[in-house]
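target-v9.cif follows; it contains mmCIF, C-alpha atoms, pLDDT in the B column; chains and numbers go by the auth columns.
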```cif
data_target
loop_
_atom_site.group_PDB
_atom_site.id
_atom_site.type_symbol
_atom_site.label_atom_id
_atom_site.label_comp_id
_atom_site.label_asym_id
_atom_site.label_seq_id
_atom_site.Cartn_x
_atom_site.Cartn_y
_atom_site.Cartn_z
_atom_site.B_iso_or_equiv
_atom_site.auth_seq_id
_atom_site.auth_asym_id
ATOM 1 C CA SER A 1 14.018 1.070 -5.420 48.00 1 R
ATOM 2 C CA PHE A 2 11.363 3.699 -4.838 48.00 2 R
ATOM 3 C CA ARG A 3 10.999 7.449 -5.083 56.00 3 R
ATOM 4 C CA SER A 4 11.515 10.118 -2.453 52.00 4 R
ATOM 5 C CA THR A 5 11.089 13.878 -2.747 49.00 5 R
ATOM 6 C CA SER A 6 13.887 16.056 -4.120 42.00 6 R
ATOM 7 C CA PRO A 7 14.279 19.871 -4.464 39.00 7 R
ATOM 8 C CA ALA A 8 12.214 22.139 -6.738 38.00 8 R
ATOM 9 C CA LEU A 9 9.744 24.869 -5.898 36.00 9 R
ATOM 10 C CA LEU A 10 7.533 26.862 -8.199 33.00 10 R
ATOM 11 C CA PRO A 11 5.647 29.905 -6.872 37.00 11 R
ATOM 12 C CA PRO A 12 1.909 29.918 -7.521 39.00 12 R
ATOM 13 C CA GLN A 13 0.823 32.138 -10.354 41.00 13 R
ATOM 14 C CA ILE A 14 -2.307 34.088 -11.096 32.00 14 R
ATOM 15 C CA ARG A 15 -4.382 33.111 -14.093 39.00 15 R
ATOM 16 C CA ARG A 16 -7.162 34.964 -15.820 37.00 16 R
ATOM 17 C CA GLN A 17 -10.460 33.377 -16.677 40.00 17 R
ATOM 18 C CA ASN A 18 -13.169 34.982 -18.824 37.00 18 R
ATOM 19 C CA CYS A 19 -16.751 34.165 -17.921 36.00 19 R
ATOM 20 C CA TYR A 20 -19.922 35.393 -19.612 35.00 20 R
ATOM 21 C CA TYR A 21 -23.128 35.893 -17.680 33.00 21 R
ATOM 22 C CA ARG A 22 -26.546 36.281 -19.274 35.00 22 R
ATOM 23 C CA ARG A 23 -28.920 39.160 -18.700 34.00 23 R
ATOM 24 C CA PRO A 24 -30.650 37.785 -15.512 36.00 24 R
ATOM 25 C CA PHE A 25 -27.431 38.563 -13.638 34.00 25 R
ATOM 26 C CA LEU A 26 -27.200 42.076 -15.097 33.00 26 R
ATOM 27 C CA GLU A 27 -30.564 43.574 -14.168 35.00 27 R
ATOM 28 C CA ARG A 28 -28.880 46.735 -12.910 37.00 28 R
ATOM 29 C CA CYS A 29 -27.087 47.264 -16.214 37.00 29 R
ATOM 30 C CA SER A 30 -28.415 49.012 -19.266 38.00 30 R
ATOM 31 C CA PRO A 31 -31.280 47.094 -20.955 40.00 31 R
ATOM 32 C CA ALA A 32 -29.233 47.107 -24.135 40.00 32 R
ATOM 33 C CA VAL A 33 -26.563 44.886 -22.542 39.00 33 R
ATOM 34 C CA TYR A 34 -27.418 41.222 -23.001 36.00 34 R
ATOM 35 C CA ASP A 35 -23.959 39.688 -22.657 40.00 35 R
ATOM 36 C CA ALA A 36 -21.003 41.096 -20.785 39.00 36 R
ATOM 37 C CA PRO A 37 -17.566 39.642 -20.037 42.00 37 R
ATOM 38 C CA VAL A 38 -16.644 39.376 -16.376 39.00 38 R
ATOM 39 C CA ASN A 39 -13.013 38.791 -15.428 38.00 39 R
ATOM 40 C CA PHE A 40 -12.207 36.535 -12.502 37.00 40 R
ATOM 41 C CA TYR A 41 -8.692 36.096 -11.153 37.00 41 R
ATOM 42 C CA HIS A 42 -7.797 32.939 -9.298 35.00 42 R
ATOM 43 C CA ARG A 43 -4.830 30.790 -8.405 38.00 43 R
ATOM 44 C CA PRO A 44 -4.398 27.795 -10.707 41.00 44 R
ATOM 45 C CA VAL A 45 -6.146 24.665 -9.500 42.00 45 R
ATOM 46 C CA HIS A 46 -3.595 21.887 -9.256 46.00 46 R
ATOM 47 C CA ASN A 47 -4.581 18.268 -9.636 53.00 47 R
ATOM 48 C CA GLN A 48 -3.021 17.407 -6.303 59.00 48 R
ATOM 49 C CA PRO A 49 -3.415 13.963 -4.792 65.00 49 R
ATOM 50 C CA ARG A 50 -4.083 13.918 -1.070 83.00 50 R
ATOM 51 C CA VAL A 51 -0.915 13.436 0.958 94.00 51 R
ATOM 52 C CA PHE A 52 -1.046 10.664 3.547 97.00 52 R
ATOM 53 C CA ILE A 53 0.988 11.781 6.568 97.00 53 R
ATOM 54 C CA ILE A 54 2.288 9.354 9.184 97.00 54 R
ATOM 55 C CA LEU A 55 3.172 10.942 12.528 96.00 55 R
ATOM 56 C CA ASN A 56 5.189 9.119 15.181 92.00 56 R
ATOM 57 C CA ASN A 57 2.861 9.381 18.169 87.00 57 R
ATOM 58 C CA VAL A 58 5.532 8.719 20.802 88.00 58 R
ATOM 59 C CA ALA A 59 8.322 10.938 19.443 88.00 59 R
ATOM 60 C CA ALA A 60 8.334 14.230 21.342 92.00 60 R
ATOM 61 C CA LYS A 61 10.225 16.012 18.568 93.00 61 R
ATOM 62 C CA ALA A 62 7.713 14.878 15.957 95.00 62 R
ATOM 63 C CA GLN A 63 4.774 15.981 18.088 94.00 63 R
ATOM 64 C CA ALA A 64 6.393 19.379 18.638 95.00 64 R
ATOM 65 C CA ALA A 65 7.049 19.823 14.905 96.00 65 R
ATOM 66 C CA TRP A 66 3.550 18.889 13.733 96.00 66 R
ATOM 67 C CA PRO A 67 1.762 22.252 14.374 96.00 67 R
ATOM 68 C CA ASP A 68 4.270 24.087 12.164 95.00 68 R
ATOM 69 C CA ILE A 69 4.042 21.373 9.504 96.00 69 R
ATOM 70 C CA ARG A 70 0.254 21.505 9.491 96.00 70 R
ATOM 71 C CA GLN A 71 0.213 25.306 9.206 95.00 71 R
ATOM 72 C CA ARG A 72 2.712 25.240 6.326 95.00 72 R
ATOM 73 C CA LEU A 73 0.704 22.656 4.377 95.00 73 R
ATOM 74 C CA GLU A 74 -2.611 24.416 4.974 94.00 74 R
ATOM 75 C CA THR A 75 -1.121 27.740 3.888 94.00 75 R
ATOM 76 C CA ALA A 76 0.117 26.121 0.678 93.00 76 R
ATOM 77 C CA GLY A 77 -3.298 24.569 0.037 93.00 77 R
ATOM 78 C CA ILE A 78 -2.018 20.994 0.294 94.00 78 R
ATOM 79 C CA ASP A 79 -4.726 18.420 0.949 93.00 79 R
ATOM 80 C CA PHE A 80 -3.590 15.820 3.468 95.00 80 R
ATOM 81 C CA GLU A 81 -4.771 13.036 5.745 95.00 81 R
ATOM 82 C CA LEU A 82 -3.062 12.497 9.091 96.00 82 R
ATOM 83 C CA CYS A 83 -2.428 9.151 10.760 95.00 83 R
ATOM 84 C CA GLU A 84 -0.671 8.770 14.118 95.00 84 R
ATOM 85 C CA THR A 85 1.114 5.497 14.806 93.00 85 R
ATOM 86 C CA THR A 86 0.038 3.485 17.831 90.00 86 R
ATOM 87 C CA THR A 87 2.304 0.421 17.896 91.00 87 R
ATOM 88 C CA ALA A 88 5.570 -0.849 16.424 88.00 88 R
ATOM 89 C CA GLY A 89 5.103 -1.739 12.761 89.00 89 R
ATOM 90 C CA ASP A 90 1.974 0.400 12.515 94.00 90 R
ATOM 91 C CA ALA A 91 3.558 2.716 9.946 95.00 91 R
ATOM 92 C CA THR A 92 4.123 -0.244 7.610 94.00 92 R
ATOM 93 C CA GLU A 93 0.517 -1.377 7.606 94.00 93 R
ATOM 94 C CA ARG A 94 -0.856 2.168 7.424 95.00 94 R
ATOM 95 C CA THR A 95 1.358 2.869 4.415 96.00 95 R
ATOM 96 C CA ARG A 96 0.254 -0.299 2.617 95.00 96 R
ATOM 97 C CA ASN A 97 -3.404 0.468 3.239 95.00 97 R
ATOM 98 C CA ALA A 98 -2.978 4.063 2.060 96.00 98 R
ATOM 99 C CA LEU A 99 -1.273 2.994 -1.172 96.00 99 R
ATOM 100 C CA ARG A 100 -3.943 0.375 -1.857 95.00 100 R
ATOM 101 C CA ALA A 101 -6.568 3.075 -1.287 94.00 101 R
ATOM 102 C CA GLY A 102 -5.010 5.223 -4.015 93.00 102 R
ATOM 103 C CA HIS A 103 -2.675 7.585 -2.171 94.00 103 R
ATOM 104 C CA THR A 104 0.469 8.314 -4.154 93.00 104 R
ATOM 105 C CA THR A 105 2.463 10.435 -1.676 95.00 105 R
ATOM 106 C CA ILE A 106 3.292 9.216 1.825 97.00 106 R
ATOM 107 C CA ALA A 107 4.970 11.711 4.165 97.00 107 R
ATOM 108 C CA VAL A 108 6.635 10.641 7.398 97.00 108 R
ATOM 109 C CA VAL A 109 7.057 12.913 10.425 97.00 109 R
ATOM 110 C CA GLY A 110 9.506 11.066 12.630 95.00 110 R
ATOM 111 C CA GLY A 111 12.941 9.496 12.732 92.00 111 R
ATOM 112 C CA ASP A 112 14.763 6.694 10.959 91.00 112 R
ATOM 113 C CA GLY A 113 12.681 3.938 12.552 89.00 113 R
ATOM 114 C CA THR A 114 9.326 5.320 11.436 93.00 114 R
ATOM 115 C CA LEU A 115 10.781 6.127 8.029 93.00 115 R
ATOM 116 C CA SER A 116 12.015 2.567 7.508 90.00 116 R
ATOM 117 C CA GLU A 117 8.661 1.160 8.586 92.00 117 R
ATOM 118 C CA ALA A 118 6.893 3.363 6.038 94.00 118 R
ATOM 119 C CA ALA A 119 9.375 2.401 3.312 93.00 119 R
ATOM 120 C CA GLU A 120 8.647 -1.268 3.986 92.00 120 R
ATOM 121 C CA GLY A 121 4.958 -0.522 3.475 93.00 121 R
ATOM 122 C CA PHE A 122 5.650 0.418 -0.139 95.00 122 R
ATOM 123 C CA PHE A 123 6.257 -3.275 -0.856 92.00 123 R
ATOM 124 C CA GLU A 124 4.546 -6.627 -0.455 89.00 124 R
ATOM 125 C CA PHE A 125 6.222 -9.974 0.114 84.00 125 R
ATOM 126 C CA LYS A 126 4.641 -12.546 -2.183 76.00 126 R
ATOM 127 C CA THR A 127 5.026 -15.995 -0.692 70.00 127 R
ATOM 128 C CA ASP A 128 3.776 -17.612 -3.884 66.00 128 R
ATOM 129 C CA SER A 129 6.142 -15.685 -6.129 59.00 129 R
ATOM 130 C CA LEU A 130 9.197 -17.254 -7.750 60.00 130 R
ATOM 131 C CA SER A 131 11.195 -14.080 -7.059 64.00 131 R
ATOM 132 C CA PRO A 132 12.585 -13.630 -3.530 71.00 132 R
ATOM 133 C CA LEU A 133 12.371 -9.856 -3.892 80.00 133 R
ATOM 134 C CA PRO A 134 9.416 -7.847 -2.569 86.00 134 R
ATOM 135 C CA VAL A 135 6.949 -6.366 -5.041 87.00 135 R
ATOM 136 C CA PRO A 136 6.117 -2.614 -5.012 91.00 136 R
ATOM 137 C CA ILE A 137 2.441 -1.821 -4.447 94.00 137 R
ATOM 138 C CA ASN A 138 2.601 1.292 -6.640 94.00 138 R
ATOM 139 C CA PRO A 139 5.916 1.915 -8.424 91.00 139 R
ATOM 140 C CA ALA A 140 4.913 5.540 -9.064 89.00 140 R
ATOM 141 C CA ALA A 141 4.272 6.347 -5.383 93.00 141 R
ATOM 142 C CA THR A 142 6.654 8.603 -3.457 93.00 142 R
ATOM 143 C CA LEU A 143 7.916 8.784 0.113 95.00 143 R
ATOM 144 C CA ALA A 144 8.362 12.297 1.524 95.00 144 R
ATOM 145 C CA ILE A 145 10.717 12.836 4.453 95.00 145 R
ATOM 146 C CA LEU A 146 9.902 15.299 7.228 97.00 146 R
ATOM 147 C CA PRO A 147 12.730 14.471 9.659 95.00 147 R
ATOM 148 C CA ALA A 148 11.774 14.861 13.302 94.00 148 R
ATOM 149 C CA GLY A 149 13.760 12.184 15.062 90.00 149 R
ATOM 150 C CA THR A 150 16.873 12.020 17.209 88.00 150 R
ATOM 151 C CA GLY A 151 19.477 11.153 14.605 88.00 151 R
ATOM 152 C CA ASP A 152 17.689 11.454 11.237 91.00 152 R
ATOM 153 C CA ASP A 153 20.619 9.610 9.706 90.00 153 R
ATOM 154 C CA PHE A 154 18.905 8.846 6.401 90.00 154 R
ATOM 155 C CA ALA A 155 17.830 12.468 5.868 92.00 155 R
ATOM 156 C CA ARG A 156 21.304 13.750 6.752 91.00 156 R
ATOM 157 C CA GLY A 157 22.825 11.282 4.300 89.00 157 R
ATOM 158 C CA LEU A 158 20.635 12.521 1.460 88.00 158 R
ATOM 159 C CA MET A 159 21.543 16.151 2.102 89.00 159 R
ATOM 160 C CA GLN A 160 25.151 15.585 3.179 88.00 160 R
ATOM 161 C CA GLY A 161 24.299 17.169 6.516 91.00 161 R
ATOM 162 C CA ARG A 162 21.381 18.328 8.625 90.00 162 R
ATOM 163 C CA VAL A 163 19.092 20.923 7.038 93.00 163 R
ATOM 164 C CA PRO A 164 16.105 22.740 8.603 93.00 164 R
ATOM 165 C CA LEU A 165 12.672 21.146 8.555 94.00 165 R
ATOM 166 C CA GLU A 166 11.400 24.052 6.464 94.00 166 R
ATOM 167 C CA HIS A 167 13.652 22.875 3.636 93.00 167 R
ATOM 168 C CA TRP A 168 11.991 19.448 3.631 94.00 168 R
ATOM 169 C CA LEU A 169 8.572 21.065 3.794 94.00 169 R
ATOM 170 C CA ALA A 170 9.406 23.169 0.747 92.00 170 R
ATOM 171 C CA LEU A 171 10.304 19.994 -1.137 92.00 171 R
ATOM 172 C CA LEU A 172 7.012 18.353 -0.215 94.00 172 R
ATOM 173 C CA VAL A 173 4.966 21.407 -1.205 93.00 173 R
ATOM 174 C CA SER A 174 6.860 21.639 -4.480 90.00 174 R
ATOM 175 C CA HIS A 175 6.245 17.982 -5.222 91.00 175 R
ATOM 176 C CA CYS A 176 2.526 18.262 -4.527 90.00 176 R
ATOM 177 C CA GLN A 177 2.120 21.396 -6.622 87.00 177 R
ATOM 178 C CA ARG A 178 4.099 20.134 -9.579 79.00 178 R
ATOM 179 C CA ASN A 179 3.237 16.414 -9.381 60.00 179 R
ATOM 180 C CA SER A 180 6.241 15.720 -11.579 59.00 180 R
ATOM 181 C CA GLU A 181 9.078 13.229 -11.653 60.00 181 R
ATOM 182 C CA GLN A 182 11.456 16.193 -11.580 73.00 182 R
ATOM 183 C CA THR A 183 10.790 16.516 -7.850 77.00 183 R
ATOM 184 C CA THR A 184 11.685 12.901 -7.007 85.00 184 R
ATOM 185 C CA ARG A 185 14.714 10.682 -6.954 85.00 185 R
ATOM 186 C CA GLN A 186 15.076 6.922 -6.716 88.00 186 R
ATOM 187 C CA VAL A 187 16.827 5.323 -3.756 86.00 187 R
ATOM 188 C CA ASP A 188 17.638 1.715 -2.960 85.00 188 R
ATOM 189 C CA VAL A 189 16.291 -0.288 -0.036 85.00 189 R
ATOM 190 C CA MET A 190 17.686 -3.368 1.655 82.00 190 R
ATOM 191 C CA ALA A 191 15.636 -6.557 1.847 82.00 191 R
ATOM 192 C CA ALA A 192 16.452 -9.320 4.327 79.00 192 R
ATOM 193 C CA LYS A 193 14.921 -12.090 6.433 77.00 193 R
ATOM 194 C CA CYS A 194 15.184 -12.882 10.112 77.00 194 R
ATOM 195 C CA ASP A 195 13.865 -15.574 12.472 76.00 195 R
ATOM 196 C CA SER A 196 15.471 -18.381 10.459 74.00 196 R
ATOM 197 C CA GLY A 197 14.274 -16.843 7.197 67.00 197 R
ATOM 198 C CA THR A 198 10.601 -16.753 8.133 71.00 198 R
ATOM 199 C CA ALA A 199 10.208 -12.998 8.677 76.00 199 R
ATOM 200 C CA PRO A 200 11.124 -10.800 5.694 77.00 200 R
ATOM 201 C CA PHE A 201 11.686 -7.083 6.219 80.00 201 R
ATOM 202 C CA LEU A 202 13.016 -3.958 4.512 80.00 202 R
ATOM 203 C CA CYS A 203 15.156 -1.085 5.739 77.00 203 R
ATOM 204 C CA LEU A 204 16.585 2.085 4.267 81.00 204 R
ATOM 205 C CA ASN A 205 20.101 2.637 5.533 75.00 205 R
ATOM 206 C CA ALA A 206 20.936 0.307 8.446 71.00 206 R
ATOM 207 C CA SER A 207 19.799 -2.840 10.207 69.00 207 R
ATOM 208 C CA THR A 208 21.082 -3.912 13.610 67.00 208 R
ATOM 209 C CA MET A 209 20.293 -6.706 16.066 66.00 209 R
ATOM 210 C CA GLY A 210 20.840 -7.273 19.736 64.00 210 R
ATOM 211 C CA ILE A 211 22.434 -4.408 21.645 64.00 211 R
ATOM 212 C CA GLY A 212 22.516 -2.171 18.583 57.00 212 R
ATOM 213 C CA GLY A 213 18.826 -2.737 18.000 50.00 213 R
ATOM 214 C CA GLU A 214 18.036 -1.702 21.560 52.00 214 R
#
```

Structure encoded using structure tokens:
Amino acid sequence: SFRSTSPALLPPQIRRQNCYYRRPFLERCSPAVYDAPVNFYHRPVHNQPRVFIILNNVAAKAQAAWPDIRQRLETAGIDFELCETTTAGDATERTRNALRAGHTTIAVVGGDGTLSEAAEGFFEFKTDSLSPLPVPINPAATLAILPAGTGDDFARGLMQGRVPLEHWLALLVSHCQRNSEQTTRQVDVMAAKCDSGTAPFLCLNASTMGIGGE
């Protein structure tokens, strides 16, 4: 199992910070003033890990949704890195590389296919291991869903129906700002092998072959 984002949103708050400046910065003040408190007001600085975003390059709906997604994340002050897929299976390798590089939140802008590829990237298949099950690269990492596909079956299943993209964006922003397990849930994945057992793979909610796969 692995973690995906779940609802919770905390508004940013204003915090007060007292700073003391020495006389060289107060030349215009009275000579008798050597120390003076100066109040600065700033938004709290969150220890936010950079979000690694995978965008389906060939999905028209995902491409159309990206400008709004980018604006929402930038407005919220979320640091992110964007990667556009180029070939089938690209999301899997990009996810693995991002997790190995230290990213802890992977967000997918696309449909069920891109989402399943990214979910597979959370795991490694150890050929020398005694266990037939895949091994998670980082058990604490999370997969954020930004549904922008045709069916979005997995996202609809989680929410018991289709919800606006803004709702999923709010979940991602909340997760990044809070960086807490309270904003995640664990879901199961399916592991299987094809090509006479030589090609292992993972999927989230369905796996089809032949006509269904096409």

What gap, in Å, lies between atom CA of Glu81 of chain R and atom CA of Phe52 of chain R?
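About the pair atom CA of Glu81 of chain R and atom CA of Phe52 of chain R: they are 4.9 Å apart.
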
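Taken over the shown file, the PyMOL selection byres ((chain R and resi 105) around 9) identifies R:Pro49, R:Arg50, R:Val51, R:Phe52, R:Ile53, R:Leu99, R:His103, R:Thr104, R:Ile106, R:Ala107, R:Ala141, R:Thr142, R:Leu143, R:Ala144, R:Cys176.
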
Where does the PyMOL selection byres ((chain R and resi 205) around 12) land in this file, that is, which residues does it pick, as a PyMOL selection string?
chain R and resi 112-113+115-117+119+152-158+187-191+202-204+206-208

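Across the model, the gap from atom CA of Asn97 of chain R to atom CA of Thr198 of chain R is 22.7 Å.
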
Result set, the PyMOL selection byres ((chain R and resi 121) around 6) on current file, as a list in words:
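Checked against the file, the PyMOL selection byres ((chain R and resi 121) around 6) matches Thr92, Thr95, Arg96, Ala118, Ala119, Glu120, Phe122 and Phe123 of chain R.
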
Enclosing box along x, y and z for every listed atom of segment 50-67 of chain R, padded 8 Å each side, centre and size in Å, one decimal, as AutoDock Vina command-line options:
```
--center_x 3.1 --center_y 15.5 --center_z 10.1 --size_x 30.3 --size_y 29.5 --size_z 38.4
```

Selection: 12 Å around Leu73 of chain R, all atoms listed in the file, excl. self and same-chain fewer than 6 positions, as a VMD selection string:
chain R and resid 50 to 51 53 66 to 67 79 to 82 107 166 168 to 174 176 to 177

Record the distance separating atom CA of Ala60 of chain R and atom CA of Ala148 of chain R, expressed in Å with one decimal.
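About the pair atom CA of Ala60 of chain R and atom CA of Ala148 of chain R: they are 8.8 Å apart.
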
Kindly output segment 133-144 of chain R as a tab-separated table (two decimals), keeping the file's coordinate frame, after building all heavy atoms.
```
chain	number	residue	atom	x	y	z
R	133	LEU	N	12.42	-11.29	-4.16
R	133	LEU	CA	12.37	-9.86	-3.89
R	133	LEU	C	10.94	-9.39	-3.64
R	133	LEU	O	10.00	-9.93	-4.23
R	133	LEU	CB	12.97	-9.08	-5.07
R	133	LEU	CG	14.45	-9.35	-5.37
R	133	LEU	CD1	14.88	-8.55	-6.60
R	133	LEU	CD2	15.32	-8.99	-4.16
R	134	PRO	N	10.76	-8.40	-2.80
R	134	PRO	CA	9.42	-7.85	-2.57
R	134	PRO	C	8.90	-7.12	-3.80
R	134	PRO	O	9.68	-6.66	-4.65
R	134	PRO	CB	9.63	-6.89	-1.39
R	134	PRO	CG	11.07	-6.51	-1.47
R	134	PRO	CD	11.78	-7.73	-1.99
R	135	VAL	N	7.60	-6.98	-3.88
R	135	VAL	CA	6.95	-6.37	-5.04
R	135	VAL	C	6.37	-5.01	-4.63
R	135	VAL	O	5.66	-4.93	-3.62
R	135	VAL	CB	5.82	-7.26	-5.58
R	135	VAL	CG1	5.13	-6.60	-6.77
R	135	VAL	CG2	6.37	-8.63	-5.96
R	136	PRO	N	6.68	-3.93	-5.37
R	136	PRO	CA	6.12	-2.61	-5.01
R	136	PRO	C	4.61	-2.58	-5.24
R	136	PRO	O	4.11	-3.11	-6.22
R	136	PRO	CB	6.85	-1.64	-5.95
R	136	PRO	CG	7.30	-2.49	-7.10
R	136	PRO	CD	7.57	-3.85	-6.54
R	137	ILE	N	3.89	-1.95	-4.31
R	137	ILE	CA	2.44	-1.82	-4.45
R	137	ILE	C	2.09	-0.84	-5.55
R	137	ILE	O	1.22	-1.10	-6.38
R	137	ILE	CB	1.83	-1.36	-3.11
R	137	ILE	CG1	2.06	-2.44	-2.05
R	137	ILE	CG2	0.33	-1.07	-3.27
R	137	ILE	CD1	1.58	-2.04	-0.67
R	138	ASN	N	2.78	0.29	-5.59
R	138	ASN	CA	2.60	1.29	-6.64
R	138	ASN	C	3.96	1.87	-6.98
R	138	ASN	O	4.49	2.71	-6.24
R	138	ASN	CB	1.65	2.40	-6.18
R	138	ASN	CG	1.44	3.46	-7.26
R	138	ASN	OD1	2.00	3.38	-8.36
R	138	ASN	ND2	0.63	4.46	-6.96
R	139	PRO	N	4.57	1.44	-8.08
R	139	PRO	CA	5.92	1.92	-8.42
R	139	PRO	C	6.02	3.42	-8.61
R	139	PRO	O	7.11	4.00	-8.52
R	139	PRO	CB	6.22	1.18	-9.74
R	139	PRO	CG	5.32	-0.01	-9.73
R	139	PRO	CD	4.07	0.43	-9.03
R	140	ALA	N	4.89	4.10	-8.85
R	140	ALA	CA	4.91	5.54	-9.06
R	140	ALA	C	4.74	6.32	-7.77
R	140	ALA	O	4.84	7.56	-7.77
R	140	ALA	CB	3.82	5.94	-10.05
R	141	ALA	N	4.49	5.65	-6.65
R	141	ALA	CA	4.27	6.35	-5.38
R	141	ALA	C	5.59	6.91	-4.84
R	141	ALA	O	6.67	6.43	-5.17
R	141	ALA	CB	3.64	5.39	-4.37
R	142	THR	N	5.47	7.94	-4.00
R	142	THR	CA	6.65	8.60	-3.46
R	142	THR	C	6.60	8.66	-1.93
R	142	THR	O	5.53	8.70	-1.34
R	142	THR	CB	6.79	10.04	-4.00
R	142	THR	OG1	5.59	10.76	-3.68
R	142	THR	CG2	7.00	10.04	-5.50
R	143	LEU	N	7.77	8.67	-1.34
R	143	LEU	CA	7.92	8.78	0.11
R	143	LEU	C	8.56	10.13	0.43
R	143	LEU	O	9.68	10.39	0.00
R	143	LEU	CB	8.77	7.64	0.66
R	143	LEU	CG	9.08	7.68	2.16
R	143	LEU	CD1	7.81	7.55	2.98
R	143	LEU	CD2	10.07	6.58	2.54
R	144	ALA	N	7.85	10.98	1.15
R	144	ALA	CA	8.36	12.30	1.52
R	144	ALA	C	8.90	12.25	2.94
R	144	ALA	O	8.29	11.65	3.83
R	144	ALA	CB	7.26	13.34	1.41
```
